[in-house]
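Below: upload.txt (compact mmCIF, C-alpha atoms)
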```txt
# COMPACT_ATOMS: atom_id res chain seq x y z
CA MET T 1 -16.46 -24.60 -28.29
CA ALA T 2 -17.27 -24.70 -24.56
CA LYS T 3 -18.51 -22.27 -21.95
CA ILE T 4 -15.87 -21.72 -19.26
CA LEU T 5 -16.28 -19.83 -15.99
CA ILE T 6 -13.13 -18.59 -14.20
CA VAL T 7 -13.49 -17.51 -10.55
CA ASP T 8 -10.46 -15.84 -8.96
CA ASP T 9 -10.00 -12.57 -7.07
CA SER T 10 -6.71 -11.89 -8.87
CA VAL T 11 -6.84 -10.40 -12.35
CA VAL T 12 -3.29 -11.70 -12.89
CA ALA T 13 -4.35 -15.23 -11.96
CA ARG T 14 -7.28 -15.01 -14.39
CA MET T 15 -4.98 -13.69 -17.13
CA SER T 16 -2.48 -16.44 -16.48
CA LEU T 17 -5.17 -19.14 -16.65
CA LYS T 18 -6.66 -17.70 -19.86
CA SER T 19 -3.20 -17.75 -21.44
CA CYS T 20 -3.17 -21.54 -20.83
CA LEU T 21 -6.47 -22.15 -22.63
CA PRO T 22 -6.34 -22.99 -26.33
CA LYS T 23 -7.30 -19.83 -28.24
CA GLU T 24 -8.17 -21.70 -31.43
CA ALA T 25 -10.94 -23.57 -29.60
CA GLY T 26 -12.93 -20.32 -29.35
CA HIS T 27 -14.21 -21.04 -25.85
CA GLU T 28 -16.67 -18.57 -24.38
CA ILE T 29 -15.12 -17.34 -21.12
CA THR T 30 -16.78 -15.47 -18.25
CA GLU T 31 -14.97 -14.31 -15.11
CA GLY T 32 -15.98 -13.84 -11.49
CA LYS T 33 -13.99 -12.15 -8.70
CA ASP T 34 -15.12 -14.08 -5.64
CA GLY T 35 -17.13 -17.09 -4.56
CA ALA T 36 -20.50 -15.32 -4.38
CA GLU T 37 -20.07 -13.91 -7.88
CA GLY T 38 -18.95 -17.35 -9.04
CA VAL T 39 -22.13 -18.99 -7.73
CA ALA T 40 -24.32 -16.30 -9.31
CA LEU T 41 -22.50 -16.60 -12.64
CA TYR T 42 -22.76 -20.38 -12.51
CA GLN T 43 -26.54 -20.04 -12.44
CA SER T 44 -26.82 -17.35 -15.13
CA PHE T 45 -24.02 -18.51 -17.47
CA SER T 46 -24.38 -22.33 -17.07
CA PRO T 47 -20.73 -23.13 -17.87
CA ASP T 48 -19.55 -26.52 -19.09
CA VAL T 49 -16.48 -26.24 -16.86
CA THR T 50 -15.64 -23.91 -13.95
CA PHE T 51 -12.12 -23.06 -12.75
CA MET T 52 -12.25 -21.99 -9.11
CA ASP T 53 -9.62 -20.44 -6.83
CA LEU T 54 -9.90 -21.24 -3.11
CA THR T 55 -8.38 -18.30 -1.22
CA MET T 56 -10.61 -15.33 -2.00
CA PRO T 57 -12.06 -12.46 0.04
CA GLY T 58 -15.73 -12.76 0.93
CA MET T 59 -17.05 -16.18 -0.04
CA ASP T 60 -14.08 -18.52 -0.50
CA GLY T 61 -13.75 -21.20 -3.15
CA ILE T 62 -14.61 -24.12 -0.86
CA THR T 63 -17.97 -22.56 0.05
CA ALA T 64 -18.64 -21.64 -3.58
CA LEU T 65 -17.79 -25.17 -4.71
CA ALA T 66 -20.20 -26.62 -2.15
CA GLU T 67 -22.97 -24.23 -3.25
CA ILE T 68 -22.45 -24.93 -6.93
CA ARG T 69 -22.48 -28.68 -6.35
CA THR T 70 -25.71 -28.31 -4.35
CA ILE T 71 -27.30 -26.35 -7.18
CA ASP T 72 -25.96 -28.75 -9.80
CA PRO T 73 -24.55 -32.10 -8.59
CA THR T 74 -23.13 -32.73 -12.08
CA ALA T 75 -21.12 -29.45 -12.12
CA ARG T 76 -17.54 -29.93 -13.25
CA VAL T 77 -15.43 -27.61 -11.10
CA ILE T 78 -11.65 -27.64 -11.46
CA ILE T 79 -9.93 -26.14 -8.42
CA LEU T 80 -6.95 -23.99 -9.36
CA THR T 81 -5.14 -23.14 -6.15
CA ALA T 82 -1.87 -22.40 -4.38
CA ASP T 83 -3.20 -24.30 -1.36
CA ILE T 84 -2.08 -27.81 -2.17
CA GLN T 85 -2.17 -29.24 1.34
CA ARG T 86 -3.39 -32.84 1.46
CA ARG T 87 -6.34 -31.99 3.73
CA THR T 88 -7.44 -29.19 1.43
CA ILE T 89 -7.34 -31.52 -1.57
CA GLU T 90 -9.29 -34.17 0.39
CA ARG T 91 -11.89 -31.58 1.41
CA VAL T 92 -12.55 -30.27 -2.11
CA THR T 93 -12.55 -33.80 -3.50
CA GLU T 94 -15.21 -34.79 -0.95
CA LEU T 95 -17.22 -31.76 -2.08
CA GLY T 96 -17.10 -33.06 -5.64
CA ALA T 97 -14.28 -31.08 -7.27
CA PHE T 98 -13.51 -32.57 -10.67
CA ALA T 99 -9.75 -31.99 -10.32
CA VAL T 100 -7.22 -29.91 -8.40
CA VAL T 101 -4.58 -28.00 -10.36
CA LYS T 102 -1.66 -26.35 -8.62
CA LYS T 103 -0.84 -22.66 -9.18
CA PRO T 104 0.88 -21.27 -11.13
CA PRO T 105 -1.00 -23.01 -13.94
CA VAL T 106 0.92 -24.99 -16.54
CA LYS T 107 -0.60 -25.00 -20.03
CA GLU T 108 -0.35 -28.78 -20.59
CA VAL T 109 -1.92 -29.59 -17.21
CA VAL T 110 -4.75 -27.07 -17.64
CA GLN T 111 -5.56 -28.28 -21.15
CA ALA T 112 -5.47 -31.95 -20.12
CA GLU T 113 -7.86 -31.37 -17.20
CA LEU T 114 -10.13 -29.20 -19.34
CA ASP T 115 -10.27 -31.89 -22.05
CA ARG T 116 -11.03 -34.53 -19.42
CA ALA T 117 -13.80 -32.41 -17.89
CA LEU T 118 -15.35 -31.68 -21.30
CA ALA T 119 -15.18 -35.37 -22.24
CA ALA T 120 -16.84 -36.31 -18.95
CA GLY T 121 -19.60 -33.79 -19.70
CA ALA T 122 -20.12 -35.17 -23.19
CA ALA T 123 -20.31 -38.73 -21.86
CA SER T 124 -22.91 -37.94 -19.19
CA MET K 125 2.15 14.47 -5.79
CA LYS K 126 2.85 10.76 -5.96
CA ASP K 127 5.96 9.56 -7.77
CA PRO K 128 4.95 6.63 -10.05
CA ALA K 129 8.42 5.10 -9.66
CA ARG K 130 7.74 4.90 -5.92
CA GLU K 131 4.35 3.24 -6.38
CA LEU K 132 3.25 -0.18 -7.48
CA THR K 133 0.49 -0.07 -10.10
CA GLU K 134 -2.73 -1.96 -9.46
CA LEU K 135 -1.62 -4.73 -11.83
CA GLU K 136 1.83 -4.96 -10.19
CA GLN K 137 0.22 -5.20 -6.75
CA ASP K 138 -2.16 -7.87 -8.00
CA ALA K 139 0.75 -9.82 -9.51
CA LEU K 140 2.72 -9.57 -6.27
CA GLN K 141 -0.33 -10.64 -4.30
CA GLU K 142 -0.73 -13.69 -6.53
CA ILE K 143 2.98 -14.51 -6.22
CA MET K 144 2.69 -14.26 -2.43
CA ASN K 145 -0.43 -16.39 -2.48
CA ILE K 146 1.55 -19.09 -4.28
CA GLY K 147 4.48 -18.59 -1.87
CA PHE K 148 2.23 -19.02 1.17
CA GLY K 149 0.55 -22.02 -0.41
CA SER K 150 3.97 -23.57 -0.87
CA ALA K 151 4.84 -22.86 2.78
CA ALA K 152 1.56 -24.36 3.95
CA ALA K 153 2.13 -27.50 1.87
CA ASP K 154 5.62 -27.85 3.38
CA LEU K 155 4.22 -27.52 6.91
CA ALA K 156 1.52 -30.07 6.17
CA GLU K 157 4.08 -32.50 4.82
CA ILE K 158 6.82 -32.00 7.40
CA ILE K 159 4.83 -31.66 10.62
CA ASN K 160 1.26 -32.53 9.62
CA LEU K 161 0.04 -29.00 10.33
CA HIS K 162 -2.93 -27.84 8.25
CA VAL K 163 -3.04 -24.10 7.63
CA ILE K 164 -6.01 -22.02 6.53
CA LEU K 165 -4.60 -19.34 4.22
CA SER K 166 -5.85 -15.77 3.96
CA VAL K 167 -5.64 -13.28 1.11
CA PRO K 168 -2.28 -11.47 1.40
CA HIS K 169 -2.03 -7.69 1.71
CA ILE K 170 0.65 -5.51 0.09
CA ALA K 171 1.42 -1.85 0.66
CA VAL K 172 4.22 0.61 -0.03
CA LEU K 173 4.55 2.63 3.16
CA GLU K 174 6.84 5.14 4.80
CA SER K 175 8.93 3.57 7.56
CA HIS K 176 6.92 5.03 10.43
CA GLU K 177 3.72 3.84 8.76
CA VAL K 178 5.01 0.26 8.82
CA ILE K 179 5.15 0.38 12.60
CA ASN K 180 1.71 2.03 12.72
CA PHE K 181 0.31 -0.65 10.43
CA ILE K 182 1.70 -3.46 12.58
CA ASN K 183 0.47 -1.72 15.74
CA GLN K 184 -3.00 -1.48 14.25
CA GLU K 185 -2.98 -5.15 13.32
CA ILE K 186 -1.57 -6.22 16.69
CA PRO K 187 -2.37 -3.52 19.24
CA ASP K 188 -0.55 -5.19 22.14
CA THR K 189 2.83 -6.58 21.11
CA THR K 190 3.71 -7.05 24.78
CA ASP K 191 1.57 -10.15 24.65
CA MET K 192 3.16 -11.65 21.55
CA SER K 193 6.12 -13.79 20.53
CA MET K 194 8.00 -13.07 17.31
CA ILE K 195 10.40 -14.94 15.07
CA THR K 196 12.49 -12.84 12.72
CA GLN K 197 14.58 -14.00 9.82
CA PHE K 198 16.44 -11.79 7.41
CA PHE K 199 17.01 -12.67 3.78
CA SER K 200 19.23 -11.22 1.12
CA GLY K 201 19.35 -11.36 -2.62
CA LYS K 202 17.87 -8.99 -5.14
CA LEU K 203 14.82 -9.46 -2.94
CA ASN K 204 16.05 -8.54 0.50
CA GLY K 205 14.52 -7.60 3.81
CA GLY K 206 13.22 -9.06 7.01
CA SER K 207 10.41 -11.42 7.84
CA PHE K 208 8.48 -11.25 11.10
CA LEU K 209 6.23 -14.06 12.20
CA VAL K 210 4.15 -12.95 15.18
CA PHE K 211 2.08 -15.21 17.44
CA PRO K 212 0.06 -14.40 20.54
CA HIS K 213 2.29 -15.14 23.52
CA GLY K 214 1.74 -18.63 24.89
CA GLU K 215 0.04 -19.89 21.73
CA GLY K 216 3.25 -21.65 20.81
CA ARG K 217 2.57 -23.96 23.74
CA LYS K 218 -0.43 -25.38 21.90
CA LEU K 219 1.82 -26.15 18.96
CA LEU K 220 4.13 -28.21 21.17
CA LYS K 221 1.77 -31.12 20.53
CA ILE K 222 3.22 -31.27 17.05
CA PHE K 223 6.45 -32.52 18.54
CA ASP K 224 4.82 -34.78 21.15
CA GLY K 225 6.79 -37.77 20.04
CA GLU K 226 10.10 -35.99 20.35
CA MET K 227 9.13 -34.44 23.70
CA SER K 228 8.46 -37.82 25.23
CA LEU K 229 12.10 -38.66 24.54
CA ILE K 230 13.24 -35.66 26.56
CA GLY K 231 11.59 -36.80 29.80
CA ASP K 232 9.84 -34.81 32.49
CA ASN K 233 12.61 -32.31 33.18
CA TYR K 234 12.34 -30.35 29.96
CA ASP K 235 12.03 -26.58 30.03
CA ILE K 236 8.57 -25.88 28.58
CA ASP K 237 9.40 -22.23 27.76
CA LEU K 238 12.48 -23.27 25.87
CA LEU K 239 10.55 -25.94 23.97
CA GLU K 240 7.84 -23.43 23.06
CA LYS K 241 10.48 -21.05 21.78
CA GLU K 242 12.22 -23.81 19.80
CA THR K 243 8.88 -24.94 18.32
CA LEU K 244 8.04 -21.44 17.14
CA VAL K 245 11.53 -20.95 15.71
CA GLU K 246 11.28 -24.25 13.82
CA ILE K 247 7.80 -23.47 12.47
CA GLY K 248 8.90 -19.91 11.65
CA ASN K 249 11.92 -21.18 9.82
CA ILE K 250 9.80 -23.50 7.64
CA ILE K 251 7.13 -20.87 6.89
CA ILE K 252 9.55 -18.04 6.17
CA GLY K 253 11.94 -20.21 4.14
CA ALA K 254 9.18 -21.64 1.98
CA CYS K 255 7.36 -18.32 1.51
CA VAL K 256 10.33 -16.12 0.78
CA GLY K 257 12.07 -18.84 -1.26
CA LYS K 258 9.03 -19.35 -3.49
CA ILE K 259 8.43 -15.62 -3.94
CA ALA K 260 12.09 -15.10 -4.85
CA GLU K 261 12.02 -18.08 -7.24
CA MET K 262 8.94 -16.75 -9.04
CA LEU K 263 10.63 -13.39 -9.40
CA GLY K 264 13.75 -15.02 -10.84
CA ASP K 265 15.91 -14.55 -7.74
CA VAL K 266 17.68 -16.71 -5.16
CA VAL K 267 17.97 -15.55 -1.55
CA THR K 268 20.14 -16.53 1.38
CA TYR K 269 18.90 -16.49 4.95
CA ALA K 270 20.29 -15.41 8.29
CA PRO K 271 19.40 -17.77 11.14
CA PRO K 272 15.93 -17.25 12.64
CA ARG K 273 15.75 -15.44 15.99
CA PHE K 274 13.13 -15.46 18.69
CA PHE K 275 11.91 -12.32 20.47
CA GLY K 276 9.52 -12.35 23.37
CA GLN K 277 6.94 -9.79 24.45
CA ASP K 278 8.67 -6.51 25.37
CA GLN K 279 11.54 -7.02 22.89
CA ILE K 280 9.19 -6.98 19.89
CA HIS K 281 8.44 -3.29 19.58
CA GLU K 282 12.08 -2.33 19.99
CA THR K 283 13.22 -4.91 17.40
CA LEU K 284 10.65 -3.81 14.82
CA HIS K 285 11.62 -0.17 15.35
CA SER K 286 15.32 -0.84 14.93
CA VAL K 287 14.76 -2.80 11.71
CA VAL K 288 12.40 -0.33 10.09
CA GLN K 289 14.32 2.78 11.17
CA SER K 290 17.58 1.40 9.77
CA SER K 291 16.07 0.87 6.32
CA ASP K 292 15.38 3.60 3.76
CA SER K 293 12.45 5.93 4.18
CA PHE K 294 9.93 3.76 2.34
CA ALA K 295 9.27 0.07 2.80
CA ILE K 296 7.29 -2.56 0.95
CA LEU K 297 5.09 -4.39 3.41
CA PHE K 298 3.59 -7.83 2.84
CA LYS K 299 1.17 -9.28 5.36
CA THR K 300 -0.80 -12.47 5.70
CA VAL K 301 -2.50 -14.37 8.49
CA PHE K 302 -1.78 -18.03 9.17
CA ASP K 303 -4.51 -19.97 10.93
CA PHE K 304 -3.36 -23.36 12.26
CA GLU K 305 -6.72 -25.04 12.10
CA GLN K 306 -6.49 -28.01 14.47
CA TYR K 307 -4.64 -26.02 17.15
CA ASN K 308 -6.81 -22.88 17.01
CA VAL K 309 -3.69 -20.71 16.71
CA SER K 310 -3.32 -17.72 14.39
CA GLY K 311 -0.10 -15.96 13.45
CA TYR K 312 0.77 -12.92 11.36
CA LEU K 313 3.55 -12.91 8.82
CA PHE K 314 5.02 -9.57 7.77
CA LEU K 315 7.76 -9.21 5.18
CA VAL K 316 9.38 -5.80 5.09
CA SER K 317 11.65 -5.06 2.19
CA GLN K 318 13.75 -2.00 1.61
CA TYR K 319 12.43 0.50 -0.84
CA SER K 320 15.68 0.32 -2.83
CA ILE K 321 14.55 -2.98 -4.38
CA MET K 322 11.68 -1.21 -6.20
CA PRO K 323 13.37 -0.89 -9.67
CA TRP K 324 14.35 -4.57 -9.63
CA LEU K 325 10.93 -5.59 -8.29
CA LYS K 326 9.05 -3.74 -11.02
CA GLN K 327 11.25 -5.35 -13.67
CA ALA K 328 10.84 -8.82 -12.14
CA ILE K 329 7.05 -8.42 -12.02
CA ALA K 330 7.04 -7.31 -15.67
CA GLU K 331 8.97 -10.46 -16.60
CA PHE K 332 6.58 -12.59 -14.56
CA LEU K 333 3.61 -11.02 -16.33
CA GLY K 334 5.22 -11.22 -19.77
CA PRO K 335 3.97 -14.65 -20.89
CA HIS K 336 0.42 -13.92 -19.69
CA ALA K 337 -0.07 -10.45 -21.13
```
Give the structure from this file in C-alpha cells form.
Amino acid sequence: MAKILIVDDSVVARMSLKSCLPKEAGHEITEGKDGAEGVALYQSFSPDVTFMDLTMPGMDGITALAEIRTIDPTARVIILTADIQRRTIERVTELGAFAVVKKPPVKEVVQAELDRALAAGAAS
Amino acid sequence: MKDPARELTELEQDALQEIMNIGFGSAAADLAEIINLHVILSVPHIAVLESHEVINFINQEIPDTTDMSMITQFFSGKLNGGSFLVFPHGEGRKLLKIFDGEMSLIGDNYDIDLLEKETLVEIGNIIIGACVGKIAEMLGDVVTYAPPRFFGQDQIHETLHSVVQSSDSFAILFKTVFDFEQYNVSGYLFLVSQYSIMPWLKQAIAEFLGPHA
C-alpha cells in the first residue's frame, strides 16, 4: 500500500486517474485542486508518489513541481498532462519530474509508471 | 426558473472542460511538431449563454475588435458550430518568422499583409482542426470542416453578429487563450455551438464519464 497524491483542478480528471489505479492495492489517496494546495498537501501528507496536472488556475503544475522538488529533491512526481509539447516535457524533466503521462490516462501506462516510481522509492 | 435540460451540470461542465483541455493540448502538440511553435495553455472556460450574451462575452474579453484579426472555421457533425480564433491586429506579423525559410524563397516583392493573413489562416487551421477534431473524437463524433476564412478589423463584429444571430437562441461557448511564448503573441479561441446539440452533448459526456464513474 502506498500514499498517492493527485493534484488536478478537474474532478473528472481526478476521477479518471483514480479509475486507472489498482483498487486491490488499497493505496491511500489524497487530492488537491491546484498547485498551491498540492504543495501544502505534499508537506502534510508526505506521499510516496504524486500525480500532477500542469494547466491549473492559480499556481500551475510546473511551479508546484519546482516547489515540491525544492522541498524534497527525492520527490517522485509523475506529470499527467494534455500539454505534451516537446519543450514542456523538457522543462518538467529538467525540474525533476519522474515521468510524463499523456491525458487521457490509460490504465496500463499509469500502473506501469506508478510501479516504476514505487520501485525507485523502495530502492533509494 | 432554469430548465435543467438547457443547463450543463457542474460535472458535465468539468468533463467538457477536461475534454477541451486535452483537445487544446493536442493542438499545441501539433503546432510544436509542425511549425516549432511552443504554446502556453490556459484553463478553458465553458458557458451556456443566450445569443446576445455570446457577443457581450466576446466584447468583454476583447473590448476593441477593430484592432483584431480573426480566422473563422465552421465544422459540422453531431458537434457542430463555428470556431473563431482572434489575434490582436498586426501580431500575425511576428509569427511570420515561423515561415522565414519559405519567405526567403519568395524574394523581396512579397506582400507582407497577404503573408500575415496566410500565416494566421494556416496557424488557425492547425489549431482549430486539432482542437475540434480531438474534442469530437473524445465525444465519439467525427466532424467535417469548411475552409478557414480570414476577417480583418471592422469585419469582425459584423461576422460574429451574423453567426450568432443565425443560430438558435442559446449557444454553448468555449473559450481559451493561446500564448505563443517565443513570439510574445496571445490569441483567443472561441467555439460557439448551436444549442440544439445539447441532448447529444449530454449523452456523449455521460458516455465519456461512464468508465470513470
Check which residues of chain T sit at most 12 Å from chain K using all atoms listed in the file, and return one row each with the closest pair of atoms and their distance in Å to one decimal, ordered by chain and rising number, as CSV.
```
residue,atom,partner,partner_atom,distance
T:Asp8,CA,K:Glu142,CA,10.3
T:Asp9,CA,K:Asp138,CA,9.2
T:Ser10,CA,K:Asp138,CA,6.1
T:Val11,CA,K:Asp138,CA,6.9
T:Val12,CA,K:Ala139,CA,5.6
T:Ala13,CA,K:Glu142,CA,6.7
T:Arg14,CA,K:His336,CA,9.4
T:Met15,CA,K:His336,CA,6.0
T:Ser16,CA,K:His336,CA,5.0
T:Leu17,CA,K:His336,CA,8.2
T:Lys18,CA,K:His336,CA,8.0
T:Ser19,CA,K:His336,CA,5.6
T:Cys20,CA,K:His336,CA,8.5
T:Leu21,CA,K:His336,CA,11.1
T:Asp34,CA,K:Val167,CA,11.7
T:Asp53,CA,K:Asn145,CA,10.9
T:Leu54,CA,K:Leu165,CA,9.2
T:Thr55,CA,K:Val167,CA,6.2
T:Met56,CA,K:Val167,CA,6.2
T:Pro57,CA,K:Val167,CA,6.6
T:Gly58,CA,K:Val167,CA,10.1
T:Met59,CA,K:Val167,CA,11.8
T:Asp60,CA,K:Ser166,CA,9.8
T:Gly61,CA,K:Leu165,CA,11.9
T:Ile62,CA,K:Ile164,CA,11.5
T:Leu80,CA,K:Ile146,CA,11.0
T:Thr81,CA,K:Ile146,CA,8.0
T:Ala82,CA,K:Gly149,CA,4.7
T:Asp83,CA,K:Gly149,CA,4.5
T:Ile84,CA,K:Ala153,CA,5.8
T:Gln85,CA,K:Ala153,CA,4.7
T:Arg86,CA,K:Ala156,CA,7.3
T:Arg87,CA,K:His162,CA,7.0
T:Thr88,CA,K:His162,CA,8.3
T:Ile89,CA,K:Ala153,CA,10.8
T:Glu90,CA,K:His162,CA,11.9
T:Arg91,CA,K:His162,CA,11.9
T:Lys102,CA,K:Ile146,CA,9.0
T:Lys103,CA,K:Ile146,CA,6.5
T:Pro104,CA,K:Ile146,CA,7.2
T:Pro105,CA,K:Ile146,CA,10.7
T:Val106,CA,K:His336,CA,11.5
T:Lys107,CA,K:His336,CA,11.1
```
Next on the checklist: Let me make sure I understand: among T:Gly32, T:Pro22, T:Pro47, T:Gly38, which one has the smallest atom-to-atom distance to Arg76 in chain T if we use all atoms listed in the file?
Outcome noted: T:Pro47
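From CA of Leu239 in chain K back to CA of Tyr312 in chain K, the distance works out to 20.6 Å.
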Checklist entry - Which residues, protein or nucleic acid, reach to within 12 Å of (14.7, -15.9, -6.9) in the file's coordinates when using all atoms listed in the file, and can you give that as a PyMOL selection string? => result chain K and resi 143+147+199-204+254-268+324-325+328-329+332
Next on the checklist: For a quick check of understanding, using all atoms listed in the file, which of K:Glu177, K:Glu131, K:Glu246, K:Glu185 has the smallest distance to Leu313 in chain K?
Outcome noted: K:Glu185
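CA of Ile296 in chain K lies 6.3 Å from CA of Leu173 in chain K.
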